[in-house]
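Listing of entry-v7.cif; format and content: mmCIF, C-alpha atoms and all ligand atoms.
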data_run
loop_
_atom_site.label_atom_id
_atom_site.label_comp_id
_atom_site.auth_asym_id
_atom_site.auth_seq_id
_atom_site.Cartn_x
_atom_site.Cartn_y
_atom_site.Cartn_z
CA MET A 161 5.60 23.76 -21.50
CA THR A 162 9.15 25.04 -22.00
CA PHE A 163 11.95 24.33 -19.54
CA ASP A 164 11.73 27.91 -18.31
CA GLU A 165 8.00 27.62 -17.68
CA MET A 166 8.49 24.38 -15.75
CA ARG A 167 11.36 25.70 -13.65
CA LEU A 168 9.46 28.87 -12.78
CA GLN A 169 6.69 26.74 -11.29
CA HIS A 170 9.31 25.83 -8.64
CA GLU A 171 10.64 29.32 -8.05
CA ALA A 172 9.92 29.21 -4.32
CA PHE A 173 11.91 25.98 -3.89
CA THR A 174 14.81 27.33 -5.92
CA GLU A 175 14.85 30.59 -3.98
CA SER A 176 14.81 28.83 -0.61
CA VAL A 177 17.78 26.62 -1.59
CA LEU A 178 19.66 29.62 -2.99
CA GLN A 179 19.25 31.41 0.33
CA LYS A 180 20.60 28.37 2.16
CA LEU A 181 23.54 28.13 -0.25
CA LYS A 182 24.38 31.78 0.35
CA LYS A 183 24.58 31.08 4.07
CA LYS A 184 26.34 27.73 3.85
CA MET A 185 29.03 28.30 1.25
CA PRO A 186 30.84 31.17 3.01
CA ILE A 187 31.34 28.69 5.88
CA ALA A 188 32.60 26.00 3.50
CA LEU A 189 34.97 28.54 1.96
CA LYS A 190 36.28 29.87 5.28
CA LYS A 191 37.11 26.36 6.47
CA ALA A 192 39.06 25.71 3.25
CA GLN A 193 41.13 28.89 3.09
CA GLY A 194 44.81 28.25 3.75
CA LEU A 195 44.57 24.44 3.71
CA ASP A 196 47.40 22.67 1.87
CA PHE A 197 44.95 20.24 0.29
CA ILE A 198 41.70 20.46 -1.67
CA PRO A 199 38.54 19.61 0.31
CA TYR A 200 36.96 16.26 -0.47
CA THR A 201 34.99 15.10 2.57
CA VAL A 202 34.33 16.11 6.18
CA ARG A 203 35.42 14.63 9.50
CA ASP A 204 34.61 16.17 12.88
CA GLY A 205 33.34 19.29 11.15
CA ALA A 206 36.62 19.85 9.25
CA TRP A 207 37.49 19.41 5.58
CA GLN A 208 39.53 16.33 4.70
CA PRO A 209 41.54 15.61 1.54
CA GLY A 210 40.96 12.66 -0.78
CA PRO A 211 42.20 9.37 0.69
CA VAL A 212 44.99 8.68 -1.85
CA ASP A 213 47.01 10.22 -4.69
CA GLY A 214 47.60 13.62 -3.06
CA LEU A 215 46.77 16.44 -5.46
CA CYS A 216 46.15 13.86 -8.23
CA TRP A 217 43.05 12.65 -6.33
CA TRP A 218 40.38 12.48 -8.99
CA THR A 219 37.79 14.79 -7.39
CA ASN A 220 40.12 17.75 -6.96
CA GLY A 221 38.47 19.76 -9.75
CA PHE A 222 35.08 19.76 -8.07
CA TRP A 223 36.04 22.13 -5.27
CA PRO A 224 37.23 24.90 -7.61
CA GLY A 225 34.15 24.04 -9.70
CA GLU A 226 31.93 24.70 -6.68
CA MET A 227 33.72 28.00 -6.15
CA TRP A 228 33.04 29.01 -9.78
CA GLU A 229 29.41 28.04 -9.32
CA MET A 230 29.15 30.31 -6.30
CA TYR A 231 30.99 33.07 -8.18
CA ARG A 232 28.39 32.82 -10.92
CA LEU A 233 25.64 33.01 -8.34
CA THR A 234 26.98 35.85 -6.21
CA GLY A 235 29.77 37.60 -8.14
CA GLU A 236 31.79 37.56 -4.91
CA GLU A 237 35.54 37.77 -5.49
CA ALA A 238 36.36 35.47 -2.54
CA TYR A 239 34.95 32.50 -4.46
CA ARG A 240 36.95 33.35 -7.54
CA ALA A 241 40.14 33.73 -5.49
CA GLU A 242 39.65 30.32 -3.86
CA ALA A 243 38.92 28.70 -7.24
CA GLU A 244 42.13 30.18 -8.60
CA ARG A 245 44.12 29.11 -5.53
CA ALA A 246 42.95 25.49 -5.98
CA GLU A 247 43.60 25.61 -9.74
CA ALA A 248 47.19 26.72 -9.11
CA MET A 249 47.65 23.92 -6.55
CA LEU A 250 46.71 21.40 -9.25
CA ASP A 251 49.84 22.30 -11.25
CA SER A 252 51.80 19.99 -9.01
CA ALA A 253 49.51 17.15 -10.15
CA PHE A 254 50.73 17.74 -13.73
CA ARG A 255 54.30 17.44 -12.49
CA GLU A 256 53.42 14.37 -10.40
CA PHE A 257 51.95 12.73 -13.53
CA ASP A 258 52.36 9.07 -12.37
CA HIS A 259 49.07 9.20 -10.47
CA LEU A 260 47.06 10.94 -13.17
CA HIS A 261 44.24 8.99 -14.82
CA HIS A 262 41.26 9.57 -17.14
CA ASP A 263 39.71 11.88 -14.53
CA VAL A 264 41.94 14.69 -15.75
CA GLY A 265 38.63 15.65 -17.39
CA PHE A 266 36.94 16.27 -14.06
CA MET A 267 40.10 17.81 -12.61
CA TRP A 268 40.75 20.47 -15.21
CA LEU A 269 37.51 21.09 -17.07
CA LEU A 270 35.92 22.32 -13.83
CA SER A 271 38.96 24.26 -12.58
CA SER A 272 41.04 25.84 -15.32
CA GLY A 273 38.38 25.09 -17.97
CA ALA A 274 35.74 27.02 -16.05
CA ASN A 275 38.22 29.81 -15.39
CA PHE A 276 39.18 30.16 -19.06
CA ARG A 277 35.60 30.02 -20.25
CA MET A 278 34.44 32.62 -17.72
CA THR A 279 37.39 35.00 -17.61
CA GLY A 280 39.51 34.27 -20.70
CA ASN A 281 42.57 33.58 -18.51
CA ASP A 282 45.22 32.33 -20.94
CA VAL A 283 47.21 30.30 -18.40
CA SER A 284 43.98 28.46 -17.64
CA ARG A 285 43.45 27.76 -21.35
CA LYS A 286 46.87 26.12 -21.53
CA ARG A 287 46.28 24.01 -18.42
CA THR A 288 42.98 22.76 -19.82
CA LEU A 289 44.46 21.94 -23.21
CA LEU A 290 47.35 20.10 -21.56
CA ALA A 291 44.79 18.00 -19.67
CA ALA A 292 42.95 17.27 -22.94
CA HIS A 293 46.21 16.02 -24.46
CA LEU A 294 46.81 13.80 -21.42
CA LEU A 295 43.31 12.35 -21.74
CA SER A 296 43.59 11.67 -25.46
CA GLY A 297 46.99 10.09 -24.78
CA ARG A 298 45.11 7.39 -22.84
CA PHE A 299 43.16 6.37 -25.96
CA ASN A 300 43.57 2.82 -27.17
CA PRO A 301 42.94 3.03 -30.95
CA LEU A 302 40.91 -0.18 -30.80
CA GLY A 303 38.17 2.01 -29.32
CA PHE A 304 38.37 3.04 -25.70
CA ILE A 305 40.02 5.41 -23.23
CA ARG A 306 42.00 3.63 -20.56
CA ALA A 307 40.66 4.60 -17.13
CA TRP A 308 43.25 3.72 -14.53
CA ASN A 309 46.94 2.94 -14.17
CA GLY A 310 49.01 0.00 -12.94
CA ASP A 311 48.02 -3.34 -14.41
CA ASN A 312 44.61 -2.07 -15.54
CA VAL A 313 45.72 -1.70 -19.16
CA GLY A 314 42.43 -2.65 -20.82
CA TRP A 315 40.04 -1.19 -18.25
CA ALA A 316 37.35 1.23 -19.34
CA ILE A 317 34.70 2.62 -16.98
CA ILE A 318 31.34 4.29 -17.50
CA ASP A 319 32.41 7.33 -15.43
CA CYS A 320 34.62 8.32 -18.38
CA MET A 321 31.53 9.51 -20.27
CA MET A 322 31.81 12.70 -18.22
CA ASN A 323 35.51 13.17 -18.98
CA LEU A 324 34.77 13.19 -22.72
CA ASN A 325 33.50 16.74 -22.35
CA LEU A 326 37.09 17.93 -21.98
CA LEU A 327 37.81 16.49 -25.42
CA TYR A 328 34.75 18.07 -27.06
CA TRP A 329 35.83 21.39 -25.59
CA ALA A 330 39.39 20.96 -26.94
CA SER A 331 38.16 20.29 -30.48
CA ASP A 332 35.79 23.24 -30.35
CA LEU A 333 38.57 25.51 -29.16
CA THR A 334 41.34 24.39 -31.49
CA GLY A 335 39.36 23.36 -34.57
CA ASP A 336 41.26 20.05 -34.46
CA PRO A 337 38.75 17.18 -34.73
CA ARG A 338 41.07 14.55 -33.21
CA PHE A 339 39.85 15.12 -29.66
CA ARG A 340 36.18 14.82 -30.67
CA LYS A 341 36.90 11.66 -32.67
CA VAL A 342 38.55 10.06 -29.65
CA ALA A 343 35.59 11.05 -27.49
CA MET A 344 33.00 9.74 -29.94
CA THR A 345 34.86 6.48 -30.47
CA HIS A 346 34.86 5.93 -26.71
CA ALA A 347 31.17 6.90 -26.41
CA ASN A 348 30.30 4.45 -29.20
CA THR A 349 32.16 1.72 -27.33
CA ALA A 350 30.32 2.61 -24.14
CA MET A 351 26.97 2.31 -25.95
CA GLN A 352 27.93 -1.08 -27.30
CA TYR A 353 29.62 -2.69 -24.31
CA PHE A 354 28.29 -0.94 -21.20
CA ILE A 355 24.61 -0.14 -21.75
CA ARG A 356 22.35 -3.13 -21.37
CA GLU A 357 19.03 -3.78 -23.08
CA ASN A 358 17.02 -2.51 -20.07
CA GLY A 359 18.94 0.79 -19.93
CA SER A 360 21.20 -0.15 -17.02
CA SER A 361 24.99 0.09 -17.27
CA ASN A 362 28.07 -1.86 -16.28
CA HIS A 363 30.58 0.06 -14.21
CA ILE A 364 33.71 -1.54 -15.69
CA VAL A 365 34.48 -3.48 -18.84
CA VAL A 366 37.94 -5.06 -19.06
CA PHE A 367 39.11 -5.41 -22.66
CA ASP A 368 42.08 -7.28 -23.99
CA PRO A 369 44.13 -4.20 -24.93
CA ASP A 370 45.49 -5.96 -28.04
CA THR A 371 42.24 -7.36 -29.46
CA MET A 372 39.39 -5.65 -27.58
CA GLU A 373 37.94 -9.00 -26.63
CA VAL A 374 35.92 -8.59 -23.41
CA LYS A 375 37.84 -10.33 -20.63
CA ASP A 376 35.80 -9.42 -17.56
CA ILE A 377 32.96 -7.28 -16.23
CA PRO A 378 33.84 -6.74 -12.56
CA ALA A 379 31.52 -5.33 -9.88
CA GLY A 380 33.68 -2.21 -9.57
CA GLN A 381 32.15 0.17 -7.04
CA GLY A 382 28.81 -1.60 -7.23
CA TYR A 383 27.31 -4.63 -5.53
CA ALA A 384 28.24 -7.37 -8.00
CA SER A 385 29.14 -8.11 -11.59
CA GLY A 386 26.00 -7.50 -13.66
CA SER A 387 24.44 -5.25 -11.00
CA SER A 388 23.57 -1.54 -11.40
CA TRP A 389 25.79 0.77 -9.33
CA SER A 390 23.59 3.85 -9.13
CA ARG A 391 26.37 6.41 -9.61
CA GLY A 392 27.49 4.55 -12.72
CA GLN A 393 23.92 4.82 -14.01
CA SER A 394 23.96 8.57 -13.35
CA TRP A 395 27.34 9.01 -15.09
CA ALA A 396 25.81 7.28 -18.11
CA LEU A 397 22.62 9.35 -17.95
CA TYR A 398 24.31 12.74 -17.80
CA GLY A 399 27.30 11.62 -19.91
CA PHE A 400 25.24 10.53 -22.93
CA THR A 401 23.05 13.62 -22.63
CA LEU A 402 26.18 15.78 -22.82
CA SER A 403 27.71 13.75 -25.66
CA TYR A 404 24.50 14.41 -27.59
CA LEU A 405 24.70 18.13 -26.80
CA HIS A 406 28.27 18.26 -28.09
CA THR A 407 27.81 16.12 -31.20
CA LYS A 408 24.07 16.02 -32.04
CA LYS A 409 24.44 12.28 -32.66
CA GLN A 410 20.90 10.95 -32.24
CA GLU A 411 21.96 7.57 -30.78
CA TYR A 412 23.50 9.36 -27.78
CA LEU A 413 20.20 11.07 -27.04
CA ASP A 414 18.30 7.80 -27.44
CA THR A 415 20.75 6.11 -25.07
CA ALA A 416 20.48 8.91 -22.51
CA LYS A 417 16.68 8.58 -22.54
CA LYS A 418 16.85 4.81 -22.15
CA VAL A 419 19.23 5.10 -19.19
CA ALA A 420 17.08 7.87 -17.68
CA ARG A 421 13.92 5.77 -17.87
CA TYR A 422 15.68 2.89 -16.16
CA PHE A 423 17.10 5.22 -13.49
CA ILE A 424 13.70 6.74 -12.77
CA SER A 425 12.09 3.31 -12.50
CA GLN A 426 14.60 2.48 -9.75
CA VAL A 427 14.24 5.64 -7.65
CA GLN A 428 10.60 6.61 -7.97
CA ASP A 429 9.66 5.07 -4.61
CA ASP A 430 11.51 7.76 -2.62
CA TRP A 431 13.92 9.58 -4.98
CA ILE A 432 17.19 9.07 -3.07
CA PRO A 433 19.09 6.37 -4.98
CA ARG A 434 20.19 3.21 -3.28
CA CYS A 435 23.93 2.66 -3.74
CA ASP A 436 23.25 -0.17 -6.17
CA PHE A 437 19.85 -0.82 -7.70
CA CYS A 438 20.52 -4.56 -7.40
CA GLN A 439 21.72 -4.61 -3.77
CA PRO A 440 19.71 -6.84 -1.40
CA LYS A 441 16.29 -5.37 -0.57
CA GLU A 442 17.01 -5.28 3.17
CA ASP A 443 20.13 -3.18 2.58
CA ASP A 444 19.26 0.54 2.70
CA LEU A 445 22.67 1.94 1.72
CA ARG A 446 22.18 5.17 -0.29
CA ASP A 447 24.17 7.38 -2.60
CA ALA A 448 22.87 10.95 -2.63
CA CYS A 449 25.64 11.84 -5.06
CA ALA A 450 24.13 9.60 -7.74
CA GLY A 451 20.90 11.53 -7.25
CA ALA A 452 22.57 14.93 -7.71
CA ILE A 453 24.34 13.84 -10.91
CA ALA A 454 21.16 12.27 -12.30
CA ALA A 455 19.14 15.39 -11.47
CA CYS A 456 21.51 17.50 -13.59
CA GLY A 457 21.20 14.99 -16.42
CA LEU A 458 17.42 14.84 -16.18
CA LEU A 459 17.07 18.63 -16.26
CA GLU A 460 19.32 18.91 -19.32
CA LEU A 461 17.52 15.99 -20.94
CA SER A 462 14.15 17.63 -20.41
CA LYS A 463 15.40 20.67 -22.37
CA LEU A 464 15.97 18.32 -25.33
CA CYS A 465 12.49 16.78 -25.25
CA GLN A 466 8.95 17.91 -25.91
CA ASP A 467 5.63 17.82 -24.08
CA GLY A 468 5.00 14.80 -21.82
CA GLU A 469 8.51 13.45 -22.17
CA ALA A 470 10.06 16.77 -21.19
CA ARG A 471 7.72 16.97 -18.19
CA PHE A 472 8.51 13.38 -17.18
CA PHE A 473 12.26 13.97 -17.06
CA PHE A 474 11.92 17.41 -15.49
CA ASP A 475 9.61 16.16 -12.72
CA ALA A 476 11.93 13.27 -11.92
CA GLY A 477 14.87 15.67 -11.61
CA MET A 478 12.81 17.95 -9.37
CA ASN A 479 11.67 15.07 -7.18
CA ILE A 480 15.27 14.02 -6.65
CA LEU A 481 16.38 17.56 -5.79
CA GLN A 482 13.52 18.04 -3.34
CA ALA A 483 14.30 14.72 -1.66
CA LEU A 484 18.01 15.59 -1.42
CA ASN A 485 17.22 19.02 0.00
CA SER A 486 14.84 17.75 2.66
CA ARG A 487 16.44 14.42 3.59
CA SER A 488 20.12 14.44 2.63
CA ALA A 489 21.29 18.01 2.99
CA ASP A 490 22.95 19.27 6.16
CA TRP A 491 22.33 23.02 6.21
CA SER A 492 23.85 23.56 9.65
CA ALA A 493 26.56 26.17 10.18
CA ASP A 494 29.14 23.83 11.74
CA TYR A 495 29.32 21.34 8.87
CA PRO A 496 31.01 22.62 5.69
CA ALA A 497 29.54 20.20 3.10
CA ILE A 498 25.94 20.00 1.94
CA LEU A 499 24.94 16.47 0.96
CA THR A 500 25.45 13.60 3.35
CA HIS A 501 24.45 9.96 2.61
CA CYS A 502 27.01 9.63 -0.15
CA THR A 503 28.74 6.31 -0.66
CA ALA A 504 32.11 5.98 -2.37
CA SER A 505 31.65 2.29 -3.20
CA TYR A 506 29.33 -0.48 -2.07
CA HIS A 507 32.03 -2.76 -0.63
CA GLY A 508 34.27 0.03 0.70
CA ASN A 509 34.18 1.72 4.09
CA ASP A 510 33.17 5.23 3.08
CA HIS A 511 29.41 5.03 3.49
CA ASN A 512 27.13 7.96 4.33
CA ILE A 513 29.86 10.53 3.91
CA ALA A 514 30.03 13.96 2.26
CA MET A 515 31.79 14.08 -1.13
CA ASN A 516 32.70 17.32 -2.87
CA TYR A 517 31.34 16.19 -6.22
CA ALA A 518 27.90 15.53 -4.76
CA ASP A 519 27.76 19.17 -3.71
CA PHE A 520 29.09 20.35 -7.07
CA PHE A 521 26.26 18.59 -8.93
CA PHE A 522 23.63 19.64 -6.40
CA ILE A 523 24.61 23.30 -6.85
CA GLU A 524 24.82 22.84 -10.62
CA ALA A 525 21.23 21.59 -10.67
CA ILE A 526 20.04 24.52 -8.55
CA LEU A 527 21.78 26.94 -10.93
CA LYS A 528 19.89 25.33 -13.81
CA LEU A 529 16.63 25.83 -11.92
CA ASN A 530 17.67 29.44 -11.40
CA GLY A 531 17.92 29.89 -15.18
CA ASP A 532 21.71 29.86 -15.53
CA THR A 533 22.39 28.18 -18.88
CA PHE A 534 26.19 28.05 -18.53
CA LEU A 535 27.23 24.42 -18.92
CA PHE A 536 30.40 23.56 -17.02
CA TRP A 537 30.62 20.53 -19.30
N1 LIG A 601 34.90 6.30 -9.86
C1 LIG A 601 34.31 7.55 -9.71
C2 LIG A 601 33.19 7.57 -8.76
O1 LIG A 601 33.40 7.18 -7.62
O2 LIG A 601 32.11 7.93 -9.14
#
Represent the structure contained in this file as structure tokens.
Amino acid sequence: MTFDEMRLQHEAFTESVLQKLKKKMPIALKKAQGLDFIPYTVRDGAWQPGPVDGLCWWTNGFWPGEMWEMYRLTGEEAYRAEAERAEAMLDSAFREFDHLHHDVGFMWLLSSGANFRMTGNDVSRKRTLLAAHLLSGRFNPLGFIRAWNGDNVGWAIIDCMMNLNLLYWASDLTGDPRFRKVAMTHANTAMQYFIRENGSSNHIVVFDPDTMEVKDIPAGQGYASGSSWSRGQSWALYGFTLSYLHTKKQEYLDTAKKVARYFISQVQDDWIPRCDFCQPKEDDLRDACAGAIAACGLLELSKLCQDGEARFFFDAGMNILQALNSRSADWSADYPAILTHCTASYHGNDHNIAMNYADFFFIEAILKLNGDTFLFW
């Protein structure tokens, strides 16, 4: 069966979620209009900004990304206007600079990048290219993109696999291969140092920035060093799938499949990921966001496979989306976000919260089921 044939078997599910999105998102939008920050989470029914870094907070591209998703779905100008308002707000993050990090990929590919690719807006093109230059400026020529600032000079993190898409885009646009070479060098490093034999992934690898000797493999946002933080697994799953799509390098596809098989083996009991696949059995902490990201990756991966393998990945993605819809989504009118049960990090305080990127990926997956082939990445 083709991807289209499989997705059409679930038309009724897709249609019911689309109807709920069309009711929910005008509420989300109304509660955001006029705010002097970009929505990240919800408290007492109201949008809240990211906890640190002001407009440089790493998830600030996902809100305009959600607005572009809804614009694609409905064609309503109000979504486009809000996406453009948030994109313009992000200009102050460029000026702030000190707090910017490798997540400039998330921040600008989904805001100005989406704008340029959908409307041809030239100011948006320049913003996105500037972000690509900032990201490639974080490249350590020994073989990795530096994730964070401060003393974390040799730190690389699996999440960065998703930021590489900004670099692939920049090479495609400009014809300059440097960006793609940086991205592929980092992806090769991630395959070698992050992905384990069983398909699981480290969150962080700390390299000596002068020699690339591995100095440490901290727990990061997961349970412990050597454990499997579920969102890190989903970044790897979708990230390697996308690196394959942009480069056609077979090893990336093989890696994506290996990570996907491991991910599925860990969620197939009830399809909403635990925060860390290695957390104690009695601990039921979940991360719906990891599920939404993985679902997008699994759907894209199924398009790249044949027969039983395509079905296996597609069904896993569907199972996750159905579980999120029935057990993690809040479709009520007084709550502006969609997915609850998201966890920022295992040892942090933000457990069972809404997070704007969870909603972005959930909507992205539903758009795929609806037959939209536009890839924000
Ligand atoms: N570090 C990015 C995330 O929380 O997934």
Around the point (13.2, 24.9, -18.6), in the coordinates given by the file, pick out the residues reaching within 9 Å, counting all atoms listed in the file, and return them as a list in words. Met161, Thr162, Phe163, Asp164, Glu165, Met166, Arg167, Leu168, Leu459, Glu460, Ser462, Lys463, Phe474, Lys528, Leu529 and Gly531 of chain A
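If you look at atom CA of Ala206 of chain A and atom CA of Ala493 of chain A, they are 11.9 Å away from each other.
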Counting all atoms listed in the file, which residues of chain A fall within 7 Å of ligand LIG 601 (chain A), and what is the closest atom pair for each with its distance in Å at one decimal, ordered by chain and rising number, as a tab-separated table?
residue	atom	partner	partner_atom	distance
A:Asp319	CA	A:LIG601	C1	6.0
A:Arg391	CA	A:LIG601	O2	6.0
A:Gly392	CA	A:LIG601	O2	6.8
A:Ala504	CA	A:LIG601	O1	5.5
A:Ser505	CA	A:LIG601	O1	6.8
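Reported to one decimal place, the separation of atom CA of Pro209 of chain A from atom CA of Leu195 of chain A is 9.6 Å.
When only C-alpha atoms are used to measure the gap to Lys182 of chain A, the shortest distance among A:Met230, A:His507, A:Leu269, A:Ala518 belongs to A:Met230.
Nearest to Arg356 of chain A of all the residues A:Val419, A:Ile513, A:Gly221, A:Gln169 is A:Val419, counting all atoms listed in the file.
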Test item: residues at most 7 Å from Asp263 of chain A, only C-alpha atoms, excluding those fewer than 4 positions along its chain, as a compact mmCIF listing (two decimals) with C-alpha atoms, in the coordinates of the input:
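Written output follows (out-v1.txt):
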# COMPACT_ATOMS: atom_id res chain seq x y z
CA TRP A 218 40.38 12.48 -8.99
CA MET A 267 40.10 17.81 -12.61
CA ASN A 323 35.51 13.17 -18.98
Enumerate, as a ChimeraX atom specification, the protein, DNA and RNA residues whose atoms approach (49.2, 6.8, -8.8) to within 9 Å, taking into account all atoms listed in the file and the coordinate frame of the file. /A:212-213,216-217,256-261,308-310
Got a sec: who's within 9 Å of Gln439 of chain A, counting all atoms listed in the file, leaving out chain neighbours fewer than 4 positions off, as an MDAnalysis selection string? chainID A and resid 382:384 387:389 434:435 443:445 506
Since we have the selection now, will you write its residues out, keeping C-alpha atoms, as a PDB file, in the frame of the given file?
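Full text of selection.pdb as output:
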ATOM      1  CA  GLY A 382      28.810  -1.600  -7.230  1.00  0.00           C
ATOM      2  CA  TYR A 383      27.310  -4.630  -5.530  1.00  0.00           C
ATOM      3  CA  ALA A 384      28.240  -7.370  -8.000  1.00  0.00           C
ATOM      4  CA  SER A 387      24.440  -5.250 -11.000  1.00  0.00           C
ATOM      5  CA  SER A 388      23.570  -1.540 -11.400  1.00  0.00           C
ATOM      6  CA  TRP A 389      25.790   0.770  -9.330  1.00  0.00           C
ATOM      7  CA  ARG A 434      20.190   3.210  -3.280  1.00  0.00           C
ATOM      8  CA  CYS A 435      23.930   2.660  -3.740  1.00  0.00           C
ATOM      9  CA  ASP A 443      20.130  -3.180   2.580  1.00  0.00           C
ATOM     10  CA  ASP A 444      19.260   0.540   2.700  1.00  0.00           C
ATOM     11  CA  LEU A 445      22.670   1.940   1.720  1.00  0.00           C
ATOM     12  CA  TYR A 506      29.330  -0.480  -2.070  1.00  0.00           C
TER      13      TYR A 506
END
Identify, on the basis of only C-alpha atoms, every residue whose closest approach to Ser331 of chain A does not exceed 10 Å; exclude the query and any residue fewer than 4 positions from it along the same chain; express the result as a PDB file with C-alpha atoms, keeping the file's coordinate frame.
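selection-v1.pdb was written with the following content:
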ATOM      1  CA  LEU A 289      44.460  21.940 -23.210  1.00  0.00           C
ATOM      2  CA  ALA A 292      42.950  17.270 -22.940  1.00  0.00           C
ATOM      3  CA  LEU A 326      37.090  17.930 -21.980  1.00  0.00           C
ATOM      4  CA  LEU A 327      37.810  16.490 -25.420  1.00  0.00           C
ATOM      5  CA  GLY A 335      39.360  23.360 -34.570  1.00  0.00           C
ATOM      6  CA  ASP A 336      41.260  20.050 -34.460  1.00  0.00           C
ATOM      7  CA  PRO A 337      38.750  17.180 -34.730  1.00  0.00           C
ATOM      8  CA  ARG A 338      41.070  14.550 -33.210  1.00  0.00           C
ATOM      9  CA  PHE A 339      39.850  15.120 -29.660  1.00  0.00           C
ATOM     10  CA  ARG A 340      36.180  14.820 -30.670  1.00  0.00           C
ATOM     11  CA  LYS A 341      36.900  11.660 -32.670  1.00  0.00           C
TER      12      LYS A 341
END
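Atom pair atom CA of Leu189 of chain A / atom CA of Ala525 of chain A: separated by 19.9 Å.
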For Trp537 of chain A, work out the shell of residues within 10 Å, counting only C-alpha atoms and skipping chain neighbours fewer than 4 positions away, then give it as a PyMOL selection string. chain A and resi 265-266+269-270+273-274+322-326+328-329+399+402-403+405-406
